[in-house]
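Peer 1: I am attaching a structure below and will ask some questions about it afterwards.
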Amino acid sequence: MTTREGNLEAPTRHPLAWQEAAFYDEADCTRELERVFDICHGCRRCVSLCQAFPTLFDLIDATEDGELEHVAKKDYAKVVEQCYLCDLCYMTKCPYVPPHPWNLDFPHTMLRAKAIRFSKGEVKAADKFLASTDVHGQFAGIPVVVQAVNAVNRTKVARKLMDSALGVDPEAWMPELASQRLRWSAAKQGSATVVTNGERTPGKVALFATCYVNYNEPGIGHDLLALLEHNEIAYVLVEKESCCGMPKLELGDLQSVARHKEDNIPVLAKYAAEGYAIITAVPSCTLMFKQELPLMFPDDRDVLAVQEAMFDPFEYLVARHKDGLLKLDFKAALGKVSYHIPCHGRVQKIGKKTEEMFKLIGQSVEVQLNTVERCSGHAGMYGVKTAFHATAMKIGKPVFKAMAKDDPDYIASDCPMAGHHIAQGMQLAGTPAKALRHPLSLVRIAYGL
């Protein structure tokens, strides 16, 4: 049912027609941008979500009569570049998404504009390199090289060079390379021999490591595997993997997304067919397989099979609990925990599963939980770029303040990059975190593992 004011039904998503020639018709895209922007101007409900909407409304308000028709079409690009495809406007705010007849999809309209820009060769080589996470991650795990690269990247000289060459803000937090990749340091297969299936959960897991966990913070992956071992859940590391494609999607490089899909989906579909739950520990990667690839390839049965088998780690663990198969032998108190729900977790339509897990722990040991549900501002590459870092920190200010409430013993976010961004923001605000840990790491601590 729809009303004049908006849609009262759950939002639905139309497939992305990215392989049709009309998708890259710039004049048609501009007309759609104008239509969408005019609707947004009349509503302004999403003004607090990100910088795309304030940018749009500032452009309109600067005209003589305050109407979109007097905004220069070339300035539409200023709005597009501020969108980092978090989907919050679509999933939580906009009353005009399908099935409303106005059929408004702000993120995918921005993605279309980004794809056109990329197809015209207007994306910088530096941005393409930054989005190639599986390329610059190849240095991870190489003795001496890792230490040298990390040491150099901490220097002011190197950060200035990264600013001039890559557009990376000298003040932005950047991940370091790991001395051991997860794929090299973790057992390829768990020791559990008894596979117990539940109503909601397969009793065996295939871990898709992700670029970030494999190359930058393998400890997160080790913590997840320790939780599976403790709960006697059989696991395997996915045989081989490529980047999920999310960094390329943010650029509008849809051909590269398709290439990564061709690398990953045939491998992952085998695990899905064999009854594995497929898990990634980074929300954006999980979302890529749950939403973006199915929307890009709606008729690919393997893509849909992987979508069905894909779980957020806490979605899986909480479902395991509902099946009566999760151990609740928590031993160590966590004290005060400030937990941040990242945007790419909020739009997966799974609820607050990490929060539910913390509450389960709190039934056995002390956990004083402070949940913060708002964008941190990091948003993938957006938060590290010189052009946007200051804005990213501004967006994150309410989160930094909320996370500091009651002087927590730990701060945590399902998105490890958002976690570091928040820790940096708290440090700058004079309320530094005592300890930053991934939620999976905190569950491991609670188990006493």
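In the structure tokens, the first chain shown is A, the next is B, and so on; residue numbers restart at 1 for each chain, and ligands run from 1 in the order shown.
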Report as a tab-separated table the residues of segment 112-218 of chain A within 12 Å of segment 22-43 of chain A, each with its shortest atom pair and distance in Å (one decimal), using only C-alpha atoms, ordered by chain and increasing residue number.

Peer 2:
residue	atom	partner	partner_atom	distance
A:Arg112	CA	A:Phe23	CA	7.0
A:Ala113	CA	A:Cys29	CA	6.7
A:Lys114	CA	A:Tyr24	CA	10.0
A:Ala115	CA	A:Tyr24	CA	7.5
A:Ile116	CA	A:Tyr24	CA	5.5
A:Arg117	CA	A:Glu26	CA	9.0
A:Phe118	CA	A:Tyr24	CA	10.3
A:Ser119	CA	A:Tyr24	CA	8.2
A:Lys120	CA	A:Tyr24	CA	9.7

Peer 1: So which residues touch Asp409 of chain A within 8 Å, counting only C-alpha atoms, skipping near sequence neighbours fewer than 3 positions away, as a ChimeraX atom specification?

Peer 2: /A:334-337,433-435

Peer 1: Using only C-alpha atoms, pick whichever of A:Leu449, A:Cys415, A:Val306, A:Leu317 has the shortest atom-to-atom distance to Gln291 of chain A.

Peer 2: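 Using only C-alpha atoms, Gln291 of chain A sits closest to A:Val306.
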
Peer 1: Identify, with DSSP run on backbone atoms, the residues in segment 41-76 of chain A assigned to helix (DSSP H, G or I), and express the list as a list in words.

Peer 2: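 Answer for segment 41-76 of chain A, restricted to helix (DSSP H, G or I): His41, Gly42, Cys43, Ala52, Phe53, Pro54, Thr55, Leu56, Phe57, Asp58, Leu59, Ile60, Asp61, Leu68, Glu69, His70, Lys73, Lys74, Asp75 and Tyr76 of chain A.
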
Peer 1: When you count only C-alpha atoms, which of these residues is closest to Ser164 of chain A: A:Gln348, A:Ala387, A:Cys86, A:Ile341?

Peer 2: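 Answer, going by the shortest atom-to-atom distance: A:Ala387.
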
Peer 1: Between atom CA of Ala281 of chain A and atom CA of Pro313 of chain A, what distance in Å does the model show, to one decimal?

Peer 2: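 Interatomic distance, atom CA of Ala281 of chain A to atom CA of Pro313 of chain A: 6.3 Å.
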
Peer 1: Could you name the residues that touch Ala172 of chain A at 8 Å or less, counting only C-alpha atoms, but leaving out those on the same chain fewer than 3 positions away, as a list in words?

Peer 2: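 After dropping sequence-adjacent residues, the list is Val168, Asp169, Gly383, Val384, Lys385 and His389 of chain A.
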
Peer 1: Near Ala446 of chain A, within 9 Å and counting only C-alpha atoms, which residues show up once chain neighbours fewer than 5 positions away are dropped, as a list in words?

Peer 2: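 The neighbour list is Asp329, Phe330, Lys331, Ala332, Ala333, Leu334, Ile361, Val365 and Ser441 of chain A.
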